>>> print(open('start_39.cif').read())   # mmCIF, C-alpha atoms
data_query
#
loop_
_atom_site.label_atom_id
_atom_site.label_comp_id
_atom_site.auth_asym_id
_atom_site.auth_seq_id
_atom_site.Cartn_x
_atom_site.Cartn_y
_atom_site.Cartn_z
CA MET Z 1 121.86 19.52 177.93
CA SER Z 2 121.07 16.99 180.68
CA LEU Z 3 120.58 13.36 179.83
CA ARG Z 4 117.01 12.19 179.22
CA ILE Z 5 114.97 9.54 177.51
CA GLU Z 6 113.38 11.35 174.60
CA VAL Z 7 110.86 8.60 173.92
CA ALA Z 8 110.21 5.03 174.92
CA GLU Z 9 108.37 2.90 172.39
CA LEU Z 10 106.53 0.39 174.56
CA LEU Z 11 106.13 -2.67 172.36
CA SER Z 12 104.40 -4.85 174.94
CA PHE Z 13 103.80 -4.92 178.67
CA ARG Z 14 102.09 -6.95 181.38
CA LEU Z 15 101.70 -5.71 184.92
CA LYS Z 16 99.21 -6.50 187.67
CA LEU Z 17 99.83 -5.22 191.19
CA PRO Z 18 98.10 -4.25 194.43
CA LYS Z 19 96.64 -0.76 194.32
CA ARG Z 20 98.61 0.14 197.42
CA ALA Z 21 101.80 -0.34 195.39
CA LEU Z 22 100.88 2.73 193.34
CA GLU Z 23 100.60 4.82 196.50
CA GLN Z 24 103.95 3.47 197.66
CA ALA Z 25 105.47 4.46 194.31
CA LEU Z 26 104.88 8.12 195.24
CA ASP Z 27 107.70 7.66 197.75
CA HIS Z 28 110.07 6.50 195.01
CA GLY Z 29 112.63 9.06 196.15
CA PRO Z 30 113.51 12.75 196.27
CA GLY Z 31 113.46 14.55 192.95
CA THR Z 32 110.74 12.35 191.46
CA PRO Z 33 107.63 14.55 191.13
CA LEU Z 34 105.01 11.82 190.87
CA ALA Z 35 101.24 12.22 191.13
CA LEU Z 36 98.48 9.60 191.45
CA THR Z 37 95.08 10.70 190.17
CA ARG Z 38 91.73 9.21 189.12
CA GLU Z 39 90.52 9.67 185.56
CA ASP Z 40 87.26 8.08 184.39
CA GLY Z 41 87.58 5.40 187.05
CA ASP Z 42 91.20 4.60 186.19
CA LEU Z 43 94.25 5.24 188.34
CA VAL Z 44 96.93 7.31 186.61
CA LEU Z 45 100.49 7.57 187.89
CA SER Z 46 102.28 10.45 186.19
CA ASP Z 47 105.34 12.66 186.29
CA ARG Z 48 104.26 16.25 186.80
CA GLU Z 49 107.39 17.59 185.06
CA ALA Z 50 107.48 15.27 182.03
CA ASP Z 51 105.14 13.80 179.44
CA SER Z 52 104.94 10.38 181.09
CA PHE Z 53 102.12 8.38 182.66
CA LEU Z 54 100.94 4.88 183.55
CA ARG Z 55 97.20 4.15 183.41
CA PHE Z 56 95.79 1.32 185.52
CA ARG Z 57 92.32 -0.24 185.60
CA PRO Z 58 91.26 -1.13 189.17
CA LEU Z 59 90.15 -4.72 189.76
CA GLY Z 60 89.13 -5.08 193.39
CA GLU Z 61 92.23 -4.51 195.47
CA GLU Z 62 94.48 -4.84 192.42
CA ALA Z 63 95.19 -2.78 189.32
CA VAL Z 64 96.18 -3.75 185.77
CA LEU Z 65 98.36 -1.59 183.53
CA THR Z 66 96.36 -0.76 180.40
CA ASP Z 67 98.15 2.22 178.84
CA ALA Z 68 101.49 4.00 179.20
CA ALA Z 69 103.54 6.78 177.66
CA LEU Z 70 107.09 7.89 178.37
CA LEU Z 71 108.43 11.09 176.77
CA ASN Z 72 111.08 13.67 177.70
CA ASP Z 73 112.04 11.74 180.81
CA PRO Z 74 114.87 13.52 182.71
CA SER Z 75 117.71 11.10 183.55
CA GLY Z 76 115.29 8.22 182.86
CA ARG Z 77 113.69 8.71 186.28
CA PHE Z 78 110.12 7.75 185.30
CA PHE Z 79 111.48 4.79 183.35
CA ARG Z 80 113.08 3.59 186.59
CA VAL Z 81 109.72 3.97 188.39
CA LEU Z 82 108.09 1.84 185.69
CA GLY Z 83 110.95 -0.64 185.87
CA ALA Z 84 110.73 -0.89 189.66
CA LEU Z 85 107.01 -1.69 189.48
CA ILE Z 86 107.44 -4.33 186.77
CA ILE Z 87 110.47 -5.94 188.43
CA GLY Z 88 108.93 -5.83 191.88
CA HIS Z 89 105.69 -7.47 190.75
CA GLY Z 90 106.98 -10.02 188.24
CA GLY Z 91 105.72 -8.27 185.13
CA ASP Z 92 106.91 -8.15 181.53
CA LEU Z 93 108.08 -5.31 179.30
CA GLU Z 94 109.56 -4.94 175.85
CA ALA Z 95 110.53 -1.43 174.83
CA GLN Z 96 112.86 0.59 172.62
CA LEU Z 97 114.46 3.68 174.17
CA VAL Z 98 115.70 6.77 172.38
CA TRP Z 99 118.14 8.74 174.53
CA SER Z 100 119.38 12.30 174.15
CA ASP Z 101 122.90 10.84 174.06
CA ASP Z 102 124.25 9.45 170.78
CA SER Z 103 126.61 6.99 172.46
CA ARG Z 104 123.72 5.34 174.31
CA ASN Z 105 121.60 5.20 171.18
CA ALA Z 106 124.42 3.27 169.50
CA ASP Z 107 124.43 0.65 172.27
CA ASP Z 108 121.69 -2.00 172.29
CA ALA Z 109 122.29 -2.59 176.00
CA TRP Z 110 120.84 0.88 176.65
CA THR Z 111 118.19 1.06 173.92
CA GLN Z 112 116.70 -2.45 174.06
CA VAL Z 113 114.61 -3.16 177.17
CA ARG Z 114 113.41 -6.64 177.99
CA ILE Z 115 111.91 -7.57 181.35
CA SER Z 116 110.55 -11.09 181.64
CA ARG Z 117 108.70 -12.11 184.81
CA GLY Z 118 110.51 -9.40 186.72
CA GLU Z 119 113.99 -10.29 185.45
CA THR Z 120 116.14 -7.92 183.40
CA ALA Z 121 119.75 -7.08 182.63
CA HIS Z 122 119.13 -3.47 181.56
CA PRO Z 123 121.83 -1.22 183.11
CA ALA Z 124 119.44 1.60 183.98
CA LEU Z 125 117.49 -0.79 186.22
CA ALA Z 126 120.44 -2.16 188.20
CA VAL Z 127 119.32 -0.55 191.49
CA GLN Z 128 115.76 -1.84 191.11
CA ARG Z 129 117.08 -5.33 190.32
CA ALA Z 130 119.30 -5.33 193.42
CA GLN Z 131 116.41 -4.16 195.60
CA ASN Z 132 114.25 -6.99 194.28
CA GLN Z 133 117.00 -9.53 194.99
CA LEU Z 134 117.22 -8.30 198.57
CA ARG Z 135 113.47 -8.72 199.02
CA ASP Z 136 113.78 -12.33 197.84
CA LEU Z 137 116.47 -13.27 200.37
CA PRO Z 138 115.51 -16.17 202.68
CA PRO Z 139 114.65 -15.12 206.27
CA ALA Z 140 117.92 -16.54 207.56
CA ALA Z 141 119.90 -14.44 205.11
CA GLU Z 142 117.85 -11.35 205.93
CA ALA Z 143 118.51 -11.87 209.63
CA ALA Z 144 122.21 -12.22 208.88
CA LEU Z 145 122.34 -8.61 207.73
CA GLY Z 146 122.42 -7.55 211.38
CA ASP Z 147 124.20 -4.30 212.02
CA PHE Z 148 125.49 -4.17 208.46
CA ARG Z 149 122.36 -2.31 207.34
CA ASP Z 150 124.04 1.08 207.80
CA GLY Z 151 127.30 -0.18 206.31
CA PRO Z 152 130.83 1.15 206.66
CA ARG Z 153 130.65 4.62 205.14
CA ASN Z 154 134.19 4.67 203.77
CA GLU Z 155 133.75 1.30 202.06
CA LEU Z 156 130.51 2.43 200.47
CA ARG Z 157 132.06 5.59 199.14
CA MET Z 158 134.89 3.56 197.64
CA GLU Z 159 132.45 1.04 196.15
CA ALA Z 160 130.34 3.86 194.72
CA GLY Z 161 133.40 5.38 193.12
CA HIS Z 162 134.10 2.13 191.27
CA GLY Z 163 130.42 1.36 190.60
CA GLY Z 164 129.38 4.59 188.92
CA ASP Z 165 129.81 3.16 185.44
CA LEU Z 166 127.20 0.49 186.21
CA TYR Z 167 124.51 3.11 185.96
CA ALA Z 168 125.75 6.29 184.32
CA ALA Z 169 129.07 6.70 182.61
CA GLY Z 170 127.94 10.09 181.33
CA GLY Z 171 127.96 11.73 184.77
CA GLU Z 172 124.36 12.98 184.63
CA ALA Z 173 122.65 14.44 187.67
CA GLY Z 174 121.90 11.83 190.27
CA ALA Z 175 124.37 9.26 188.94
CA ASP Z 176 126.49 9.35 192.10
CA ASP Z 177 123.42 8.73 194.26
CA GLU Z 178 122.36 5.82 192.04
CA ALA Z 179 125.85 4.31 192.13
CA ALA Z 180 126.09 4.64 195.91
CA GLU Z 181 122.67 3.04 196.38
CA LEU Z 182 123.57 0.21 194.00
CA ALA Z 183 126.89 -0.42 195.78
CA ARG Z 184 125.14 -0.45 199.16
CA LEU Z 185 122.45 -2.88 198.03
CA LEU Z 186 124.82 -5.25 196.25
CA LEU Z 187 127.23 -5.25 199.17
CA ARG Z 188 124.39 -6.02 201.59
CA ALA Z 189 123.07 -8.80 199.38
CA GLU Z 190 126.50 -10.36 198.85
CA GLN Z 191 127.37 -10.43 202.56
CA ALA Z 192 123.91 -11.59 203.63
CA TRP Z 193 123.94 -14.43 201.11
CA ALA Z 194 127.42 -15.53 202.17
CA GLU Z 195 126.36 -15.59 205.82
CA TYR Z 196 123.19 -17.51 204.95
CA GLN Z 197 125.21 -20.13 203.10
CA ARG Z 198 127.59 -20.41 206.05
CA LEU Z 199 124.73 -20.94 208.51
CA LYS Z 200 123.06 -23.44 206.20
CA SER Z 201 126.30 -25.40 205.83
CA THR Z 202 126.75 -25.46 209.63
CA ARG Z 203 123.23 -26.86 210.17
CA GLU Z 204 123.75 -29.62 207.58
CA ARG Z 205 126.88 -31.00 209.27
#
>>> encode(input="start_39.cif", output="structure tokens")
Amino acid sequence: MSLRIEVAELLSFRLKLPKRALEQALDHGPGTPLALTREDGDLVLSDREADSFLRFRPLGEEAVLTDAALLNDPSGRFFRVLGALIIGHGGDLEAQLVWSDDSRNADDAWTQVRISRGETAHPALAVQRAQNQLRDLPPAAEAALGDFRDGPRNELRMEAGHGGDLYAAGGEAGADDEAAELARLLLRAEQAWAEYQRLKSTRER
């Protein structure tokens, strides 16, 4: 049986974002069958292959999360969509996850979710957290990325091999892709930040 989140008990949440962010979420990645529909004036982002949805109330050019459900979520993919939106837009979330894997259910790091103003340490959201950190890099650090954006393929494969446990020690489908993406993002962020600090130090002399 493949890994999944059987249910997420959403204890509290706060999320306000531009409506265009919901359309952008449809491009979350291959294998994520998302749909964005209108229901009684609300915008509903849902997973067509699971019992999961996010309901937003439009307010001008923005939307506020008013209701959510997350059930039978394969590999936690819709949870990562929710996490990406909350992290990317400085929202809050407290939730309790029940996984289909007993070892994860025995580990608070996997079952307890706490996102505060877009910050979290939850292991399933490591890629989203790294992406958010990259977006927050100063312009000088972003420029310092240069030709590194594509990255040395062999180094990334090696990093991904060591980084797999950061996301999925169970070897579920998609874990290798998540680990490779995480390694790529963290490596980019680390090198860009180091170059930014070097340039800043040079200017201050």
>>> atom_distance(input="start_39.cif", atom1="CA of Asp92 (chain Z)", atom2="CA of Gly41 (chain Z)")
24.2 Å
>>> resolve_selection(input="start_39.cif", expression="the PyMOL selection byres ((chain Z and resi 21) around 12)", output="list in words")
Leu15, Lys16, Leu17, Pro18, Lys19, Arg20, Leu22, Glu23, Gln24, Ala25, Leu26, Asp27, His28, Leu36, Leu43, Leu45, Phe56, Glu61, Glu62, Ala63, Val64, Val81, Leu82, Ala84, Leu85, Ile86, Gly88 and His89 of chain Z
>>> write_last_selection(input="start_39.cif", atoms="C-alpha atoms", output="short mmCIF file (atom, residue, chain, number, x, y, z; two decimals), in the coordinates of the input")
data_model
loop_
_atom_site.label_atom_id
_atom_site.label_comp_id
_atom_site.auth_asym_id
_atom_site.auth_seq_id
_atom_site.Cartn_x
_atom_site.Cartn_y
_atom_site.Cartn_z
CA LEU Z 15 101.70 -5.71 184.92
CA LYS Z 16 99.21 -6.50 187.67
CA LEU Z 17 99.83 -5.22 191.19
CA PRO Z 18 98.10 -4.25 194.43
CA LYS Z 19 96.64 -0.76 194.32
CA ARG Z 20 98.61 0.14 197.42
CA LEU Z 22 100.88 2.73 193.34
CA GLU Z 23 100.60 4.82 196.50
CA GLN Z 24 103.95 3.47 197.66
CA ALA Z 25 105.47 4.46 194.31
CA LEU Z 26 104.88 8.12 195.24
CA ASP Z 27 107.70 7.66 197.75
CA HIS Z 28 110.07 6.50 195.01
CA LEU Z 36 98.48 9.60 191.45
CA LEU Z 43 94.25 5.24 188.34
CA LEU Z 45 100.49 7.57 187.89
CA PHE Z 56 95.79 1.32 185.52
CA GLU Z 61 92.23 -4.51 195.47
CA GLU Z 62 94.48 -4.84 192.42
CA ALA Z 63 95.19 -2.78 189.32
CA VAL Z 64 96.18 -3.75 185.77
CA VAL Z 81 109.72 3.97 188.39
CA LEU Z 82 108.09 1.84 185.69
CA ALA Z 84 110.73 -0.89 189.66
CA LEU Z 85 107.01 -1.69 189.48
CA ILE Z 86 107.44 -4.33 186.77
CA GLY Z 88 108.93 -5.83 191.88
CA HIS Z 89 105.69 -7.47 190.75
#
>>> closest_residue(input="start_39.cif", among="Z:Thr120, Z:Ser46, Z:Asn105, Z:Ser100", to="Gly76 (chain Z)", atoms="only C-alpha atoms")
Z:Ser100
>>> atom_distance(input="start_39.cif", atom1="CA of Trp99 (chain Z)", atom2="CA of Leu3 (chain Z)")
7.4 Å
>>> residues_near_point(input="start_39.cif", point="(112.2, -8.3, 176.3)", cutoff="10 Å", atoms="all atoms listed in the file", output="short mmCIF file (atom, residue, chain, number, x, y, z; two decimals) with C-alpha atoms, in the frame of the given file")
data_model
loop_
_atom_site.label_atom_id
_atom_site.label_comp_id
_atom_site.auth_asym_id
_atom_site.auth_seq_id
_atom_site.Cartn_x
_atom_site.Cartn_y
_atom_site.Cartn_z
CA LEU Z 11 106.13 -2.67 172.36
CA SER Z 12 104.40 -4.85 174.94
CA PHE Z 13 103.80 -4.92 178.67
CA ASP Z 92 106.91 -8.15 181.53
CA LEU Z 93 108.08 -5.31 179.30
CA GLU Z 94 109.56 -4.94 175.85
CA ALA Z 95 110.53 -1.43 174.83
CA GLN Z 96 112.86 0.59 172.62
CA GLN Z 112 116.70 -2.45 174.06
CA VAL Z 113 114.61 -3.16 177.17
CA ARG Z 114 113.41 -6.64 177.99
CA ILE Z 115 111.91 -7.57 181.35
CA SER Z 116 110.55 -11.09 181.64
CA ARG Z 117 108.70 -12.11 184.81
CA GLU Z 119 113.99 -10.29 185.45
CA THR Z 120 116.14 -7.92 183.40
CA ALA Z 121 119.75 -7.08 182.63
CA HIS Z 122 119.13 -3.47 181.56
#
>>> closest_residue(input="start_39.cif", among="Z:Leu34, Z:Val44, Z:Leu70, Z:Ala126", to="Arg57 (chain Z)", atoms="all atoms listed in the file")
Z:Val44
>>> atom_distance(input="start_39.cif", atom1="CA of Asp51 (chain Z)", atom2="CA of Ala69 (chain Z)")
7.4 Å
>>> closest_residue(input="start_39.cif", among="Z:Ala124, Z:Ile87, Z:Val7, Z:Leu59", to="Asp73 (chain Z)", atoms="all atoms listed in the file")
Z:Val7
>>> resolve_selection(input="start_39.cif", expression="the PyMOL selection byres ((chain Z and resi 49) around 12)", output="list in words")
Gly31, Thr32, Pro33, Leu34, Ala35, Ser46, Asp47, Arg48, Ala50, Asp51, Ser52, Phe53, Leu70, Leu71, Asn72, Asp73, Pro74, Arg77 and Phe78 of chain Z
